[in-house]
$ cat model36.json   # JSON, C-alpha atoms
[["chain", "number", "residue", "atom", "x", "y", "z"],
["A", 1, "GLN", "CA", -72.05, 0.25, 74.32],
["A", 2, "VAL", "CA", -73.49, 0.74, 70.85],
["A", 3, "LYS", "CA", -77.14, 1.35, 70.04],
["A", 4, "LEU", "CA", -78.60, 0.77, 66.58],
["A", 5, "VAL", "CA", -81.91, 2.20, 65.41],
["A", 6, "GLU", "CA", -83.44, 1.03, 62.14],
["A", 7, "SER", "CA", -86.17, 2.68, 60.12],
["A", 8, "GLY", "CA", -87.74, 2.59, 56.68],
["A", 9, "GLY", "CA", -89.57, -0.72, 56.62],
["A", 10, "GLY", "CA", -93.15, -1.10, 55.45],
["A", 11, "LEU", "CA", -95.52, -2.63, 52.93],
["A", 12, "VAL", "CA", -94.66, -2.38, 49.25],
["A", 13, "GLN", "CA", -95.96, -3.98, 46.07],
["A", 14, "PRO", "CA", -93.82, -6.38, 44.06],
["A", 15, "GLY", "CA", -91.42, -4.43, 41.87],
["A", 16, "GLY", "CA", -91.39, -1.52, 44.28],
["A", 17, "SER", "CA", -88.58, 0.04, 46.30],
["A", 18, "LEU", "CA", -87.77, 0.81, 49.91],
["A", 19, "ARG", "CA", -84.78, 2.33, 51.66],
["A", 20, "LEU", "CA", -83.80, 1.16, 55.11],
["A", 21, "SER", "CA", -81.66, 3.25, 57.45],
["A", 22, "CYS", "CA", -79.65, 2.25, 60.50],
["A", 23, "THR", "CA", -78.09, 4.87, 62.76],
["A", 24, "ALA", "CA", -75.47, 3.96, 65.33],
["A", 25, "SER", "CA", -74.90, 5.86, 68.56],
["A", 26, "GLY", "CA", -72.78, 5.44, 71.64],
["A", 27, "PHE", "CA", -69.20, 4.26, 71.65],
["A", 28, "ILE", "CA", -68.87, 3.63, 67.91],
["A", 29, "SER", "CA", -65.17, 4.16, 67.29],
["A", 30, "GLY", "CA", -64.47, 0.43, 67.42],
["A", 31, "ILE", "CA", -66.95, -0.49, 64.69],
["A", 32, "TYR", "CA", -65.24, -1.68, 61.52],
["A", 33, "GLY", "CA", -68.20, -2.99, 59.56],
["A", 34, "MET", "CA", -71.96, -2.81, 59.34],
["A", 35, "SER", "CA", -74.37, -5.14, 57.68],
["A", 36, "TRP", "CA", -78.00, -5.99, 57.05],
["A", 37, "TYR", "CA", -79.50, -9.36, 57.82],
["A", 38, "ARG", "CA", -83.03, -10.61, 57.36],
["A", 39, "GLN", "CA", -85.18, -13.33, 58.86],
["A", 40, "ALA", "CA", -88.33, -14.64, 57.27],
["A", 41, "PRO", "CA", -90.91, -16.66, 59.25],
["A", 42, "GLY", "CA", -89.69, -20.19, 59.82],
["A", 43, "LYS", "CA", -86.27, -19.48, 58.34],
["A", 44, "GLU", "CA", -82.84, -18.74, 59.73],
["A", 45, "ARG", "CA", -81.43, -15.24, 59.82],
["A", 46, "GLU", "CA", -79.31, -14.61, 56.72],
["A", 47, "LEU", "CA", -76.80, -12.00, 55.63],
["A", 48, "VAL", "CA", -78.15, -9.64, 52.98],
["A", 49, "ALA", "CA", -75.31, -7.13, 52.55],
["A", 50, "GLY", "CA", -72.31, -5.76, 54.39],
["A", 51, "ILE", "CA", -70.01, -2.75, 54.16],
["A", 52, "ILE", "CA", -66.62, -1.91, 55.64],
["A", 53, "ARG", "CA", -66.85, 1.40, 57.45],
["A", 54, "SER", "CA", -63.42, 2.75, 56.37],
["A", 55, "SER", "CA", -63.07, 1.56, 52.78],
["A", 56, "GLY", "CA", -66.69, 1.26, 51.72],
["A", 57, "SER", "CA", -66.04, -2.24, 50.38],
["A", 58, "THR", "CA", -69.29, -4.17, 50.05],
["A", 59, "ASN", "CA", -70.59, -7.71, 49.74],
["A", 60, "TYR", "CA", -74.04, -9.08, 48.91],
["A", 61, "ALA", "CA", -76.03, -12.26, 49.08],
["A", 62, "ASP", "CA", -76.52, -13.74, 45.61],
["A", 63, "SER", "CA", -80.28, -13.39, 45.98],
["A", 64, "VAL", "CA", -80.11, -9.58, 46.15],
["A", 65, "LYS", "CA", -77.20, -8.75, 43.84],
["A", 66, "GLY", "CA", -78.20, -6.18, 41.26],
["A", 67, "ARG", "CA", -81.31, -5.20, 43.22],
["A", 68, "PHE", "CA", -80.05, -4.02, 46.63],
["A", 69, "THR", "CA", -77.36, -1.46, 47.38],
["A", 70, "ILE", "CA", -75.72, -0.91, 50.76],
["A", 71, "SER", "CA", -74.05, 2.43, 51.49],
["A", 72, "ARG", "CA", -72.84, 4.41, 54.47],
["A", 73, "ASP", "CA", -72.55, 8.00, 55.66],
["A", 74, "ASN", "CA", -69.83, 8.04, 58.29],
["A", 75, "LEU", "CA", -70.58, 11.64, 59.28],
["A", 76, "LYS", "CA", -74.10, 10.58, 60.22],
["A", 77, "ASN", "CA", -73.02, 7.17, 61.55],
["A", 78, "THR", "CA", -75.69, 5.71, 59.31],
["A", 79, "VAL", "CA", -75.84, 2.78, 56.91],
["A", 80, "TYR", "CA", -78.51, 2.44, 54.24],
["A", 81, "LEU", "CA", -80.00, -0.41, 52.28],
["A", 82, "GLN", "CA", -81.65, 0.64, 49.03],
["A", 83, "MET", "CA", -83.93, -2.16, 47.89],
["A", 84, "ASN", "CA", -85.27, -2.11, 44.35],
["A", 85, "SER", "CA", -87.30, -4.59, 42.31],
["A", 86, "LEU", "CA", -88.62, -6.10, 45.49],
["A", 87, "LYS", "CA", -90.08, -9.60, 45.38],
["A", 88, "PRO", "CA", -92.49, -11.37, 47.74],
["A", 89, "GLU", "CA", -89.60, -13.57, 48.86],
["A", 90, "ASP", "CA", -87.86, -10.47, 50.21],
["A", 91, "THR", "CA", -90.51, -10.30, 52.92],
["A", 92, "ALA", "CA", -88.78, -10.54, 56.29],
["A", 93, "VAL", "CA", -87.70, -8.66, 59.37],
["A", 94, "TYR", "CA", -84.53, -6.79, 58.45],
["A", 95, "TYR", "CA", -81.87, -6.32, 61.12],
["A", 96, "CYS", "CA", -78.89, -4.02, 61.20],
["A", 97, "LYS", "CA", -75.66, -5.27, 62.73],
["A", 98, "ALA", "CA", -72.50, -3.43, 63.75],
["A", 99, "ASP", "CA", -69.27, -5.38, 64.14],
["A", 100, "GLU", "CA", -66.33, -4.73, 66.40],
["A", 101, "PRO", "CA", -63.31, -7.06, 66.46],
["A", 102, "ARG", "CA", -64.65, -8.98, 69.47],
["A", 103, "ARG", "CA", -68.43, -8.55, 69.36],
["A", 104, "GLY", "CA", -71.40, -7.48, 67.33],
["A", 105, "TYR", "CA", -74.44, -5.37, 68.09],
["A", 106, "TRP", "CA", -77.95, -5.83, 66.69],
["A", 107, "GLY", "CA", -80.77, -3.43, 66.05],
["A", 108, "GLN", "CA", -84.37, -4.19, 66.93],
["A", 109, "GLY", "CA", -85.40, -5.01, 63.37],
["A", 110, "THR", "CA", -87.81, -3.49, 60.89],
["A", 111, "GLN", "CA", -90.51, -5.37, 58.99],
["A", 112, "VAL", "CA", -90.49, -5.39, 55.20],
["A", 113, "THR", "CA", -93.53, -6.90, 53.50],
["A", 114, "VAL", "CA", -93.74, -7.28, 49.73],
["A", 115, "SER", "CA", -97.26, -8.08, 48.66],
["A", 116, "SER", "CA", -99.93, -7.03, 46.19]]

$ encode --input "model36.json" --output "structure tokens"
Amino acid sequence: QVKLVESGGGLVQPGGSLRLSCTASGFISGIYGMSWYRQAPGKERELVAGIIRSSGSTNYADSVKGRFTISRDNLKNTVYLQMNSLKPEDTAVYYCKADEPRRGYWGQGTQVTVSS
């Protein structure tokens, strides 16, 4: 079993920055990738960014390219999402996900609110 714990959400003004963290614990050796998703009220959950645990290869949603950066620290079993130039439309609950070949695990989510 894998447990994911997210932190770092909060309220920030437009143009501001936040860094989210997600730490995995438990039986993590089978995890090959980790990613961040978000879900705004009334909308479907969407992929924000993903990273391959071994190679560090990344991918991003078009809406966040150039503003968000995903990274990982394998020694700490942690993945980060650095969010810069935040916009009101980035407001959502952000979820961390860890992927194994046959299943995925979700964190509990952390709220990010971008508002003046």

$ closest_atom_pairs --input "model36.json" --of "segment 51-89 of chain A" --to "segment 18-36 of chain A" --cutoff "8 Å" --atoms "all atoms listed in the file" --output "Markdown table"
| residue | atom | partner | partner_atom | distance |
| --- | --- | --- | --- | --- |
| A:Ile51 | CA | A:Met34 | CA | 5.5 |
| A:Ile52 | CA | A:Gly33 | CA | 4.4 |
| A:Arg53 | CA | A:Gly33 | CA | 5.1 |
| A:Ser54 | CA | A:Tyr32 | CA | 7.0 |
| A:Lys76 | CA | A:Thr23 | CA | 7.4 |
| A:Asn77 | CA | A:Ala24 | CA | 5.5 |
| A:Thr78 | CA | A:Thr23 | CA | 4.3 |
| A:Val79 | CA | A:Cys22 | CA | 5.3 |
| A:Tyr80 | CA | A:Ser21 | CA | 4.6 |
| A:Leu81 | CA | A:Leu20 | CA | 5.0 |
| A:Gln82 | CA | A:Arg19 | CA | 4.4 |
| A:Met83 | CA | A:Leu18 | CA | 5.3 |
| A:Asn84 | CA | A:Leu18 | CA | 6.8 |

$ residues_around --input "model36.json" --residues "Leu47 of chain A" --least-positions-apart "4" --cutoff "7 Å" --atoms "only C-alpha atoms" --output "ChimeraX atom specification"
/A:36-38,61

$ closest_residue --input "model36.json" --among "A:Val93, A:Lys87, A:Thr110, A:Gln39" --to "Gln13 of chain A" --atoms "all atoms listed in the file"
A:Lys87

$ atom_distance --input "model36.json" --atom1 "atom CA of Ile70 of chain A" --atom2 "atom CA of Thr58 of chain A"
7.2 Å

$ atom_distance --input "model36.json" --atom1 "atom CA of Asp62 of chain A" --atom2 "atom CA of Val2 of chain A"
29.3 Å

$ atom_distance --input "model36.json" --atom1 "atom CA of Gly109 of chain A" --atom2 "atom CA of Lys65 of chain A"
21.5 Å

$ closest_residue --input "model36.json" --among "A:Val112, A:Ala92, A:Ala98, A:Val48" --to "Leu11 of chain A" --atoms "all atoms listed in the file"
A:Val112

$ closest_residue --input "model36.json" --among "A:Arg103, A:Gln111, A:Gly66, A:Asn59" --to "Gln1 of chain A" --atoms "only C-alpha atoms"
A:Arg103

$ closest_residue --input "model36.json" --among "A:Cys96, A:Leu75, A:Leu86, A:Val64" --to "Val114 of chain A" --atoms "only C-alpha atoms"
A:Leu86

$ closest_residue --input "model36.json" --among "A:Gln108, A:Glu6, A:Thr69, A:Pro41" --to "Ser57 of chain A" --atoms "all atoms listed in the file"
A:Thr69

$ closest_residue --input "model36.json" --among "A:Ser17, A:Ser55, A:Ser115, A:Ser7" --to "Pro88 of chain A" --atoms "all atoms listed in the file"
A:Ser115
